[in-house]
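A quick write-up on the structure given underneath.
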Amino acid sequence: MNNVGTPPETFQALIIRLQQYWADQGCVVLQPLDMEVGAGTFHPATFLRAIGPENWNSAYVQGCRRPTDGRYGENPNRLQHYYQFQVAMKPSPSDFQELYLGSLRSLGIDTEVHDVRFVEDNWESPTLGAWGIGWEVWLNGMEITQFTYFQQAGGLECFPVTGEIAYGLERIAMYLQGVDSIYDLVWAHGPQGDVTYGDVFHQNEVEMSTYNFEHADVDALFAQFDQCEKDSMSLAASGLPLPAYEMVMKASHAFNLLDARHAISVTERQRYILRVRTLARTVAQGYFDSRLALGFPLADKDLAEEVMARVAKEKAQQQAKQERADKAGAAK
Amino acid sequence: MSKDFLVEIGTEELPPKVLRQLSETFADGITKRLADLQLSFTEMTAYAAPRRLAVVITDLAEQTPDQDIVSWGPPAKVAFGADGQPTKAAEAFARKNGLEVAALAGLVENDGQQDKLCVRQTLAGSNTEALLGEIINQSLAALPIPKPMRWGRSRQEFVRPVQWAVVLFGDQTVETTILGLTSGNLSRGHRFHSTGNIEITSPLAYRDTLYNAFVMVDFAERRELIRGGVIAAAKSANGNAVIDENLLEEVTSLNEWPVPLIGRFEEHFLKVPAEALVSSMAQHQKYFHVVDGNNQLLPLFITVANIASRDPKQVIDGNERVIRPRLADAAFFYNTDLKTSLEARRESLRKIVFQSKLGSVYDKTARVSALAKVLAPSVGADVAAAGRAGELCKSDLVSEMVGEFADLQGVMGRYYALNDGEDAAVAEALLEQYLPRFAGDKIPATATGTALALADRLDTLVGIFSIGQQPSGSRDPFALRRASLGILRIIIERNIDMDLKVAIEAAAQQLALTDTSDELCVQVLTYVTERLKSWYRDDGITPEVFASVAALGLSNPLDIDSRVKAVDQFSRAPEAVALASANKRVLNILAKQDDSSLAAKVDPSLFEDSAETQLAADIQRLSQLIAPLVNERDYIGVLAALATLREPVDVFFEGVMVMADDLQIRANRLALLHSLRQLFLNVADISHLVVSK
């Protein structure tokens with residue numbers, strides 16, 4: 001058990017260490033999605049891959065934007081843009097928790113010294129129509145990771161179940177480096193000296209907080225939301241679930257910005273969440289159908305056949321019902 | 001012929017708030033099924049830890065008892081033809097019971113009416129071991145799991161993923177399928193202090209084997225160990241630990257091997273109200289807090305680690321680093337909140353819906369304020385202070401602090417009011433408005449707090465009833481049951497002489513209902529006073545006693561309470577039974593008459609019997625005697641006086657025929673009985689004390 005590594009000295013070394021660890025577990029290491037998302041879960045490599053019977057193992061860093069969390073660079077613990085390291089394994093391996101604890105040891109966290117705990121915290125995303133059962137992981141009382149077994153995504157039951165790990169990279173790095181402010185984290189040892197998180201992102205936090213809270217154009221954002229909603233629907237109808245999903249992410253981010261601008265009242269808020277969820281559900285079904293049309297190439301053969309047979313049966317029943325209804329109609 | 005039995009279900013971390021409930025339900029499920037199978041045992045012990053549920057049963061019978069089975073068949077005359085040969089019916093019966101047809105001839109018995117075929121067999125008991133799998137699986141399936149989950153590529157559902165299962169019967173491993181796994185004799189120890197599988201050699205070795213693998217499986221033992229450790233940790237820093245039982249329960253559910261550790265936070269945070277710091281520590285971090293001899297918060301916290309760390313200092317350091325930003329947040333919320341007065345904050349309540357048909361929370365505060373002013377004189381409160389408290393009573397709901405910690409509502413209102421320079425009575429009332437929060441909680445101690453607490457609850461009650469959302473069955477989304485009990489407790493325990501009907505009408509007036517019907521007020525009044533029934537039942541007062549007072553349809557809770565207590569005491573007196581039956585008898589007699597058959601006034605000249613004269617004289621005397629007592633609500637005194645009527649009443653009923661042939665005499669006697677009954681109705685209708693058979 002004592003395969004404890006030496007702690008990575010820099011923020012980037014932490015990322016590289018995690019990438020290597022999960023690459024060794026057979027994960028497809030991806031690069032961050034080039035779009036604004038609120039969490040690593042939104043990346044198609046988690047949300048869409050959680051749908052249907054296909055296997056999928058992946059790990060990646062994802063920049064996350066939460067406009068309302070911005071503090072103009074003044075709070076040492078809060079950012080409107082931060083990084084998650086995301087792992088999605090489907091089906092979730094039976095030793096998933098052990099694999100995760102192994103990753104902590106590889107980061108130099110000795111689990112015989114530190115108090116590491118799985119504390120109940122179930123996850124739900126009302127906008128994605130998704131929920132799961134899981135924990136937040138505590139390191140000496142600090143939440144460093146969200147650990148979830150997906151049960152539903154886009155309103156569809158998850159089978160096999162995707163296991164998701166979302167590391168809060170800044171928090172872990174602060175712990176490993178022993179600093180009290182995110183901005184003091186060493187990002188890299190540069191030729192001219194250490195480059196800190198503040199050097200890389202402080203100005204961005206100040207300006208983006210100002211934009212999010214003060215300058216984001218409310219009317220344009222409302223219009224953008226409507227346009228994305230329209231496009232997503234028509235793209236889904238045209239059998240293009242992937243671009244349709246990009247529109248869902250854009251609509252969701254527009255909503256988050258409107259929220260930061262306090263442009264959405266409490267009662268309207270629920271309605272907007274519902275609109276995004278409706279899109280997410282439509283896209284989820286569209287993605288399922290598109291993978292079905294391909295014969296679920298990444299699924300275990302038996303499971304792919306089982307699901308295809310089930311869908312065919314449901315279709316036949318649906319058709320028979322329709323025919324009976326037509327007949328009954330004609331008889332009248 | 002018995003063996004010990006062990007089942008252990010190993011899982012990933014179970015939800016801490018329901019761990020003990022899961023454990024108890026699982027154990028009950030198993031013992032109930034054993035009882036159903038008539039399987040005897042000596043003792044059952046349930047174990048629960050974050051990653052396991054286990055049950056050990058000692059001396060479990062190895063076999064279910066033999067069963068005598070009696071099967072009756074067709075009547076002999078149907079079973080055998082005239083020739084004595086078995087018929088088709090007989091053949092079918094033989095087949096069903098696995099017998100040769102030839103054997104049937106000797107199997108005729110009389111069932112008390114006729115001769116029938118009858119087979120008596122002894123069914124040998126089944127092997128307990130073979131039944132264990134089903135007992136376990138049925139008990140698991142019956143667990144209360146609101147959100148069952150799946151994992152991996154398994155169709156199994158359970159509260160959390162299952163990792164292993166151990167089933168032993170005696171020293172034997174029982175292999176059976178449990179939630180998709182095959183059970184064995186291999187458990188697992190502590191997540192970090194133990195590696196690999198742990199072999200369990202026998203059910204009785206279970207507890208100690210796991211203890212040696214750093215898992216304390218006994219929930220209560222673990223809880224008490226934590227309690228002791230937390231107290232000792234606080235003592236080591238010259239403080240006293242404050243232990244909330246719910247938090248202790250949760251912490252116990254989060255640890256396999258609990259190690260309490262004490263840490264510090266910076267002293268300057270103590271400028272923030274202690275309640276806010278405590279909420280932050282308990283809710284976010286599950287820490288216990290520490291106070292000094294004067295009950296003042298110390299800058300210390302106690303965390304319970306799930307590990308005997310090789311370097312506890314690192315665990316403490318880590319926790320101190322976590323609590324610092326948490327407390328800094330609390331301090332930030334507090335300092336931000338101080339910048340806006342409760343009065344200014346009240347404006348934001350206009351945007352918050354109380355209930356769509358009852359307007360905003362701001363509207364509610366306006367109603368509560370007006371109502372509190374109306375109620376103030378009767379509770380001895382200053383009218384202006386009560387009104388002011390009403391205006392400000394919900395402002396803290398939109399403060400940063402209460403937004404983060406909902407349980408600080410009222411607590412923060414008090415601090416902020418004091419900071420705003422509000423009257424101390426107003427500040428205290430903001431805190432006390434929520435009392436009592438639960439059964440057994442304290443009630444408001446100040447008069448202004450009392451006025452506010454009553455006004456807030458009455459407004460909610462009448463408002464929700466007025467829009468037809470009153471509780472039905474077990475559905476009580478607005479907690480009106482609790483609100484009603486709160487109103488009653490405050491009025492009675494604070495000795496407030498208040499007509500609840502009038503108070504309800506005042507509340508209805510504030511609502512500016514288009515239909516301020518009497519009907520609504522009566523409906524609310526009935527709902528609230530009905531709560532008294534269960535309240536008195538919990539106090540050990542019989543439903544009959546309460547019914548005797550309730551029959552009068554009173555609406556002053558304090559008055560009702562005095563009467564109930566007097567009747568309760570009276571009901572234990574030797575005269576009670578006779579007088580209650582006499583009242584019942586009078587009631588029955590009078591019920592059959594219409595009013596016209598009663599004389600308007602008792603006329604002594606019409607008496608024929610000395611018993612009549614005596615009773616009339618006693619009634620006359622007593623009615624004068626009790627009049628001042630009734631005014632003073634000395635119902636105990638009244639009933640003590642009326643108890644002396646037992647003898648004259650008995651003598652009257654023995655010697656006097658009420659329904660005399662002479663209509664005038666009859667009317668006079670009925671009038672006498674009527675006046676007797678009226679005398680008792682000054683306190684209660686004690687005819688209800690007659691227990692119906």
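FYI, nothing fancy with the structure tokens labels: chains A, B, ... in order, residues from 1 per chain, ligands from 1 as they appear.
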
Which residues come within 8 Å of region 384-400 of chain B, counting only C-alpha atoms, excluding same-chain residues fewer than 6 positions away, as a PyMOL selection string? chain B and resi 333-334+336-337+342-343+345-346+348-349+361+365-366+368-373+376+406+409-410+412-413+416+423+425-427+429-430+433+448-449+451-452

With 8 Å as the limit and counting only C-alpha atoms, what residues in chain A lie close to chain B? Please list them as a short mmCIF file (atom, residue, chain, number, x, y, z; two decimals) with N, CA, C and O atoms, in the first residue's frame.
data_model
loop_
_atom_site.label_atom_id
_atom_site.label_comp_id
_atom_site.auth_asym_id
_atom_site.auth_seq_id
_atom_site.Cartn_x
_atom_site.Cartn_y
_atom_site.Cartn_z
N MET A 1 0.83 -1.21 0.00
CA MET A 1 0.00 0.00 0.00
C MET A 1 0.86 1.25 0.00
O MET A 1 0.42 2.32 -0.37
N ASN A 77 -9.77 32.09 -2.16
CA ASN A 77 -10.33 30.74 -2.33
C ASN A 77 -11.38 30.62 -3.43
O ASN A 77 -11.87 29.53 -3.68
N LYS A 90 -16.67 3.81 -17.57
CA LYS A 90 -17.96 3.15 -17.80
C LYS A 90 -17.71 1.81 -18.44
O LYS A 90 -17.14 1.77 -19.52
N PRO A 91 -18.14 0.71 -17.85
CA PRO A 91 -18.78 0.64 -16.52
C PRO A 91 -17.79 1.00 -15.41
O PRO A 91 -16.60 0.77 -15.55
N SER A 92 -18.34 1.54 -14.33
CA SER A 92 -17.49 1.88 -13.19
C SER A 92 -16.82 0.60 -12.68
O SER A 92 -17.49 -0.39 -12.44
N PRO A 93 -15.48 0.60 -12.59
CA PRO A 93 -14.81 -0.63 -12.12
C PRO A 93 -15.14 -0.90 -10.66
O PRO A 93 -15.44 0.02 -9.90
N SER A 94 -15.06 -2.19 -10.28
CA SER A 94 -15.46 -2.52 -8.90
C SER A 94 -14.47 -1.94 -7.89
O SER A 94 -14.82 -1.72 -6.74
N THR A 111 -1.99 8.00 2.78
CA THR A 111 -3.30 7.75 3.41
C THR A 111 -3.17 7.13 4.79
O THR A 111 -4.16 6.87 5.44
N GLU A 112 -1.92 6.86 5.23
CA GLU A 112 -1.76 6.40 6.61
C GLU A 112 -1.40 7.57 7.53
O GLU A 112 -1.30 7.41 8.74
N VAL A 113 -1.21 8.73 6.92
CA VAL A 113 -0.95 9.94 7.71
C VAL A 113 -2.18 10.83 7.69
O VAL A 113 -2.63 11.32 8.71
N HIS A 114 -2.74 11.03 6.48
CA HIS A 114 -3.84 11.97 6.33
C HIS A 114 -5.19 11.29 6.51
O HIS A 114 -5.33 10.09 6.26
N ASP A 115 -6.16 12.07 6.92
CA ASP A 115 -7.51 11.56 7.15
C ASP A 115 -8.32 11.73 5.86
O ASP A 115 -8.76 12.82 5.55
N VAL A 116 -8.47 10.64 5.12
CA VAL A 116 -9.21 10.70 3.85
C VAL A 116 -10.55 10.01 4.04
O VAL A 116 -10.61 8.88 4.52
N ARG A 117 -11.59 10.68 3.67
CA ARG A 117 -12.94 10.19 3.96
C ARG A 117 -13.87 10.36 2.77
O ARG A 117 -13.76 11.33 2.03
N PHE A 118 -14.79 9.43 2.60
CA PHE A 118 -15.86 9.57 1.61
C PHE A 118 -17.12 10.00 2.37
O PHE A 118 -17.66 9.22 3.15
N VAL A 119 -17.57 11.23 2.15
CA VAL A 119 -18.70 11.78 2.89
C VAL A 119 -19.88 11.96 1.94
O VAL A 119 -19.74 12.60 0.89
N GLU A 120 -21.01 11.40 2.32
CA GLU A 120 -22.19 11.39 1.44
C GLU A 120 -22.44 12.76 0.80
O GLU A 120 -22.52 13.78 1.47
N ILE A 133 -25.34 9.05 -7.41
CA ILE A 133 -25.13 8.81 -5.99
C ILE A 133 -23.63 8.86 -5.74
O ILE A 133 -22.86 8.32 -6.54
N LEU A 139 -10.06 15.50 2.55
CA LEU A 139 -8.67 15.31 2.94
C LEU A 139 -8.46 16.18 4.17
O LEU A 139 -8.47 17.42 4.07
N ASN A 140 -8.33 15.58 5.33
CA ASN A 140 -8.23 16.33 6.60
C ASN A 140 -9.32 17.40 6.69
O ASN A 140 -9.06 18.54 7.04
N GLY A 141 -10.53 17.03 6.32
CA GLY A 141 -11.66 17.95 6.45
C GLY A 141 -11.90 18.82 5.24
O GLY A 141 -12.89 19.54 5.19
N MET A 142 -11.00 18.79 4.25
CA MET A 142 -11.18 19.66 3.07
C MET A 142 -11.73 18.85 1.91
O MET A 142 -11.23 17.76 1.60
N TYR A 149 -21.55 7.97 -8.93
CA TYR A 149 -22.04 6.92 -9.82
C TYR A 149 -23.28 7.45 -10.53
O TYR A 149 -24.33 7.62 -9.91
N GLN A 151 -26.65 7.78 -12.34
CA GLN A 151 -27.84 6.93 -12.44
C GLN A 151 -28.71 7.34 -13.62
O GLN A 151 -29.41 6.53 -14.21
N PHE A 159 -27.00 2.74 -18.07
CA PHE A 159 -26.61 1.34 -17.95
C PHE A 159 -25.71 0.98 -19.11
O PHE A 159 -26.13 1.11 -20.25
N PRO A 160 -24.50 0.53 -18.87
CA PRO A 160 -23.82 0.44 -17.58
C PRO A 160 -23.66 1.81 -16.93
O PRO A 160 -23.80 2.82 -17.59
N VAL A 161 -23.31 1.78 -15.65
CA VAL A 161 -23.17 3.01 -14.89
C VAL A 161 -21.79 3.63 -15.12
O VAL A 161 -20.78 2.93 -15.09
N THR A 162 -21.78 4.95 -15.36
CA THR A 162 -20.53 5.68 -15.45
C THR A 162 -20.10 6.12 -14.06
O THR A 162 -20.90 6.68 -13.32
N GLY A 163 -18.84 5.83 -13.73
CA GLY A 163 -18.30 6.36 -12.48
C GLY A 163 -17.52 7.62 -12.81
O GLY A 163 -16.73 7.64 -13.76
N ASP A 180 -1.92 29.45 1.17
CA ASP A 180 -3.26 29.81 1.61
C ASP A 180 -4.03 30.59 0.57
O ASP A 180 -5.20 30.91 0.76
#

If we count only C-alpha atoms and set the cut-off at 12 Å, which residues sit around Tyr167 (chain A), ignoring sequence neighbours fewer than 4 positions away in its own chain? Please answer as JSON, numbers by chain. {"A": [14, 15, 18, 19, 39, 40, 41, 59, 60, 61, 62, 63, 82, 83, 84, 85, 86, 87, 88, 100, 101, 103, 104, 136, 137, 138, 139, 143, 144, 145, 146, 147, 148, 171, 172, 173]}

Taking 5 positions as the minimum chain separation for residues in the same chain, which residues sit within 12 Å of Phe255 (chain A) when counting only C-alpha atoms? Answer as a ChimeraX atom specification. /A:36-38,66-68,127,212,216,218-226,228-229,248-250,260-265,268-276

Keeping only N, CA and C atoms, write those residues as a tab-separated table (two decimals), in the first residue's frame.
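Written output follows (result.tsv):
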chain	number	residue	atom	x	y	z
A	36	GLU	N	-17.22	27.15	-23.26
A	36	GLU	CA	-17.48	27.48	-21.86
A	36	GLU	C	-18.42	26.45	-21.25
A	37	VAL	N	-17.98	25.83	-20.14
A	37	VAL	CA	-18.84	24.90	-19.41
A	37	VAL	C	-18.71	25.17	-17.91
A	38	GLY	N	-19.74	24.79	-17.17
A	38	GLY	CA	-19.75	25.04	-15.74
A	38	GLY	C	-19.06	23.94	-14.95
A	66	ARG	N	-17.78	29.62	-13.70
A	66	ARG	CA	-18.96	29.86	-12.85
A	66	ARG	C	-19.02	31.35	-12.57
A	67	PRO	N	-19.67	32.11	-13.45
A	67	PRO	CA	-19.63	33.57	-13.36
A	67	PRO	C	-20.00	34.10	-11.98
A	68	THR	N	-20.99	33.48	-11.32
A	68	THR	CA	-21.42	34.04	-10.02
A	68	THR	C	-20.36	33.87	-8.93
A	127	THR	N	-30.24	21.08	-14.87
A	127	THR	CA	-30.22	21.49	-16.28
A	127	THR	C	-29.93	20.31	-17.20
A	212	ASN	N	-18.49	39.75	-16.14
A	212	ASN	CA	-19.64	38.92	-15.75
A	212	ASN	C	-20.69	39.70	-14.97
A	216	ALA	N	-21.63	42.24	-19.11
A	216	ALA	CA	-22.27	41.26	-20.00
A	216	ALA	C	-23.60	41.84	-20.47
A	218	VAL	N	-27.08	42.04	-21.34
A	218	VAL	CA	-28.23	41.22	-20.96
A	218	VAL	C	-29.14	40.92	-22.15
A	219	ASP	N	-29.46	41.95	-22.92
A	219	ASP	CA	-30.37	41.72	-24.05
A	219	ASP	C	-29.77	40.74	-25.05
A	220	ALA	N	-28.46	40.94	-25.32
A	220	ALA	CA	-27.80	40.05	-26.26
A	220	ALA	C	-27.79	38.62	-25.73
A	221	LEU	N	-27.62	38.48	-24.40
A	221	LEU	CA	-27.58	37.13	-23.82
A	221	LEU	C	-28.94	36.45	-23.90
A	222	PHE	N	-29.99	37.22	-23.62
A	222	PHE	CA	-31.34	36.65	-23.77
A	222	PHE	C	-31.57	36.20	-25.21
A	223	ALA	N	-31.15	37.05	-26.15
A	223	ALA	CA	-31.33	36.72	-27.58
A	223	ALA	C	-30.51	35.48	-27.93
A	224	GLN	N	-29.29	35.42	-27.34
A	224	GLN	CA	-28.41	34.29	-27.62
A	224	GLN	C	-29.03	32.99	-27.07
A	225	PHE	N	-29.60	33.10	-25.89
A	225	PHE	CA	-30.24	31.93	-25.30
A	225	PHE	C	-31.34	31.40	-26.23
A	226	ASP	N	-32.19	32.34	-26.68
A	226	ASP	CA	-33.30	31.95	-27.56
A	226	ASP	C	-32.79	31.31	-28.85
A	228	CYS	N	-29.85	29.83	-29.41
A	228	CYS	CA	-29.24	28.52	-29.16
A	228	CYS	C	-30.32	27.46	-28.96
A	229	GLU	N	-31.38	27.85	-28.28
A	229	GLU	CA	-32.47	26.91	-28.04
A	229	GLU	C	-33.10	26.47	-29.37
A	248	VAL	N	-26.67	23.45	-26.56
A	248	VAL	CA	-27.14	23.33	-25.17
A	248	VAL	C	-26.12	23.97	-24.24
A	249	MET	N	-24.84	23.67	-24.46
A	249	MET	CA	-23.78	24.22	-23.60
A	249	MET	C	-23.75	25.74	-23.70
A	250	LYS	N	-23.92	26.25	-24.94
A	250	LYS	CA	-23.90	27.71	-25.11
A	250	LYS	C	-25.10	28.34	-24.39
A	260	ALA	N	-25.58	35.79	-13.18
A	260	ALA	CA	-24.59	36.67	-12.54
A	260	ALA	C	-25.01	38.13	-12.64
A	261	ARG	N	-25.73	38.46	-13.71
A	261	ARG	CA	-26.20	39.84	-13.89
A	261	ARG	C	-27.51	40.08	-13.13
A	262	HIS	N	-27.98	39.09	-12.40
A	262	HIS	CA	-29.26	39.17	-11.68
A	262	HIS	C	-30.41	39.54	-12.63
A	263	ALA	N	-30.33	39.03	-13.84
A	263	ALA	CA	-31.33	39.40	-14.84
A	263	ALA	C	-32.51	38.44	-14.84
A	264	ILE	N	-32.40	37.37	-14.06
A	264	ILE	CA	-33.47	36.37	-14.05
A	264	ILE	C	-34.07	36.29	-12.66
A	265	SER	N	-35.37	36.51	-12.56
A	265	SER	CA	-36.03	36.49	-11.24
A	265	SER	C	-36.16	35.05	-10.73
A	268	GLU	N	-38.69	33.05	-12.70
A	268	GLU	CA	-38.27	32.78	-14.08
A	268	GLU	C	-37.14	31.77	-14.12
A	269	ARG	N	-36.31	31.78	-13.09
A	269	ARG	CA	-35.14	30.94	-13.03
A	269	ARG	C	-35.51	29.47	-13.31
A	270	GLN	N	-36.53	29.02	-12.60
A	270	GLN	CA	-36.97	27.65	-12.73
A	270	GLN	C	-37.36	27.34	-14.18
A	271	ARG	N	-37.99	28.32	-14.81
A	271	ARG	CA	-38.45	28.11	-16.19
A	271	ARG	C	-37.24	27.98	-17.14
A	272	TYR	N	-36.22	28.78	-16.92
A	272	TYR	CA	-35.04	28.69	-17.77
A	272	TYR	C	-34.32	27.35	-17.59
A	273	ILE	N	-34.24	26.92	-16.35
A	273	ILE	CA	-33.60	25.62	-16.08
A	273	ILE	C	-34.36	24.52	-16.82
A	274	LEU	N	-35.67	24.64	-16.80
A	274	LEU	CA	-36.51	23.66	-17.47
A	274	LEU	C	-36.28	23.65	-18.97
A	275	ARG	N	-36.09	24.85	-19.53
A	275	ARG	CA	-35.86	24.94	-20.98
A	275	ARG	C	-34.55	24.26	-21.35
A	276	VAL	N	-33.50	24.47	-20.55
A	276	VAL	CA	-32.22	23.82	-20.85
A	276	VAL	C	-32.38	22.30	-20.69

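Shortest atom-to-atom contact with Ala483 (chain B) among B:Thr58, B:Asn495, B:Thr122, B:Thr460: B:Thr460, counting only C-alpha atoms.
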
Residue among B:Ala684, B:Ala503, B:Leu485, B:Ala447 lying closest to Val564 (chain B), counting only C-alpha atoms: B:Ala684

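Closest approach to Val186 (chain A) among A:Glu170, A:Glu164, A:Asp34, A:Glu98 is made by A:Glu170 (distances from only C-alpha atoms).
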
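Rounded to one decimal, CA of Ala508 (chain B) and CA of Val383 (chain B) lie 19.4 Å from each other.
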
So which residues of region 156-300 of chain A fall under strand (DSSP E) by DSSP, listed as a PyMOL selection string? chain A and resi 156-157+163-168+186-190+193-196

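Distances from B:Ile589, B:Met1, B:Val7, B:Val272 to Phe41 (chain B) were compared using only C-alpha atoms, and the smallest one belongs to B:Met1.
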
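Once region 67-69 of chain B and its same-chain neighbours fewer than 5 positions away are set aside, Val119, Arg120, Gln121, Thr122, Leu123, Ala124 and Gly125 of chain B remain within 10 Å of it when counting only C-alpha atoms.
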
Written selection (C-alpha atoms) as an mmCIF file, in the first residue's frame:
data_model
loop_
_atom_site.group_PDB
_atom_site.id
_atom_site.type_symbol
_atom_site.label_atom_id
_atom_site.label_comp_id
_atom_site.auth_asym_id
_atom_site.auth_seq_id
_atom_site.Cartn_x
_atom_site.Cartn_y
_atom_site.Cartn_z
ATOM 1 C CA VAL B 119 -54.268 -38.151 6.153
ATOM 2 C CA ARG B 120 -52.048 -37.242 9.060
ATOM 3 C CA GLN B 121 -48.403 -36.679 8.167
ATOM 4 C CA THR B 122 -45.404 -35.242 9.895
ATOM 5 C CA LEU B 123 -43.422 -32.836 7.762
ATOM 6 C CA ALA B 124 -39.810 -32.880 8.825
ATOM 7 C CA GLY B 125 -38.333 -29.440 9.564
#

Neighbours of Pro444 (chain B) within 7 Å (only C-alpha atoms; same-chain residues fewer than 3 positions away dropped), as a PDB file with N, CA and C atoms, in the first residue's frame?
ATOM      1  N   GLU B 432     -37.136  35.075  19.825  1.00  0.00           N
ATOM      2  CA  GLU B 432     -38.129  34.215  20.486  1.00  0.00           C
ATOM      3  C   GLU B 432     -39.329  33.861  19.614  1.00  0.00           C
ATOM      4  N   LEU B 435     -39.834  30.216  18.951  1.00  0.00           N
ATOM      5  CA  LEU B 435     -40.018  29.270  20.060  1.00  0.00           C
ATOM      6  C   LEU B 435     -41.497  28.963  20.274  1.00  0.00           C
ATOM      7  N   GLY B 449     -41.839  38.905  22.846  1.00  0.00           N
ATOM      8  CA  GLY B 449     -41.580  37.660  22.114  1.00  0.00           C
ATOM      9  C   GLY B 449     -42.829  36.810  22.033  1.00  0.00           C
ATOM     10  N   THR B 450     -43.608  36.810  23.105  1.00  0.00           N
ATOM     11  CA  THR B 450     -44.842  36.040  23.134  1.00  0.00           C
ATOM     12  C   THR B 450     -45.847  36.590  22.115  1.00  0.00           C
TER      13      THR B 450
END

Computed gap from CA of Ala45 (chain A) to CA of Val28 (chain A) is 9.8 Å

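Proximity ranking of A:Lys313, A:Lys321, A:His202, A:His81 relative to Ser181 (chain A) places A:His202 first, based on only C-alpha atoms.
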
Could you state the separation of CA of Lys315 (chain A) and CA of Leu279 (chain A) in Å, given to one decimal place? 23.1 Å

Using DSSP on the backbone coordinates, identify all residues within region 167-413 of chain B classified as alpha helix (DSSP H); present the result as JSON, numbers by chain. {"B": [206, 207, 208, 209, 210, 211, 212, 219, 220, 221, 222, 223, 224, 225, 226, 227, 228, 229, 230, 231, 232, 233, 234, 235, 236, 245, 246, 247, 248, 249, 250, 251, 252, 253, 274, 275, 276, 277, 278, 279, 285, 312, 313, 314, 315, 316, 317, 318, 319, 320, 321, 322, 323, 324, 325, 326, 327, 328, 329, 330, 331, 332, 333, 334, 335, 336, 337, 338, 342, 343, 344, 345, 346, 361, 362, 363, 364, 365, 366, 367, 368, 369, 370, 371, 372, 373, 374, 375, 376, 377, 378, 379, 383, 384, 385, 386, 387, 388, 389, 390, 391, 392, 400, 401, 402, 403, 404, 411, 412, 413]}

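Nearest to Val651 (chain B) of all the residues B:Glu612, B:Glu428, B:Asp518, B:Glu505 is B:Glu612, counting only C-alpha atoms.
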
Determine, counting only C-alpha atoms, which protein, DNA and RNA residues have an atom within 12 Å of an atom of Gln624 (chain B); residues of the same chain fewer than 6 positions away are not included. Present the result as a VMD selection string. chain B and resid 617 to 618 630 to 631 638 641 to 642 679

Could you give me, as JSON lines, a per-residue list for region 350-415 of chain B showing, wherever an atom lies at most 12 Å from an atom of region 467-476 of chain B, the closest pair of atoms and their distance in Å to one decimal, using only C-alpha atoms and sorting by chain then residue number from low to high?
{"residue": "B:Gln355", "atom": "CA", "partner": "B:Ile467", "partner_atom": "CA", "distance": 9.7}
{"residue": "B:Ser356", "atom": "CA", "partner": "B:Ile467", "partner_atom": "CA", "distance": 10.0}
{"residue": "B:Lys357", "atom": "CA", "partner": "B:Ile467", "partner_atom": "CA", "distance": 7.2}
{"residue": "B:Leu358", "atom": "CA", "partner": "B:Ile467", "partner_atom": "CA", "distance": 8.2}
{"residue": "B:Gly359", "atom": "CA", "partner": "B:Ile467", "partner_atom": "CA", "distance": 11.8}

Please dump the current selection as an mmCIF file, in the first residue's frame; keep C-alpha atoms.
data_model
loop_
_atom_site.group_PDB
_atom_site.id
_atom_site.type_symbol
_atom_site.label_atom_id
_atom_site.label_comp_id
_atom_site.auth_asym_id
_atom_site.auth_seq_id
_atom_site.Cartn_x
_atom_site.Cartn_y
_atom_site.Cartn_z
ATOM 1 C CA GLN B 355 -47.465 31.892 -0.553
ATOM 2 C CA SER B 356 -48.685 32.878 -3.986
ATOM 3 C CA LYS B 357 -52.211 33.629 -2.787
ATOM 4 C CA LEU B 358 -51.085 35.313 0.421
ATOM 5 C CA GLY B 359 -48.618 37.774 -1.022
#
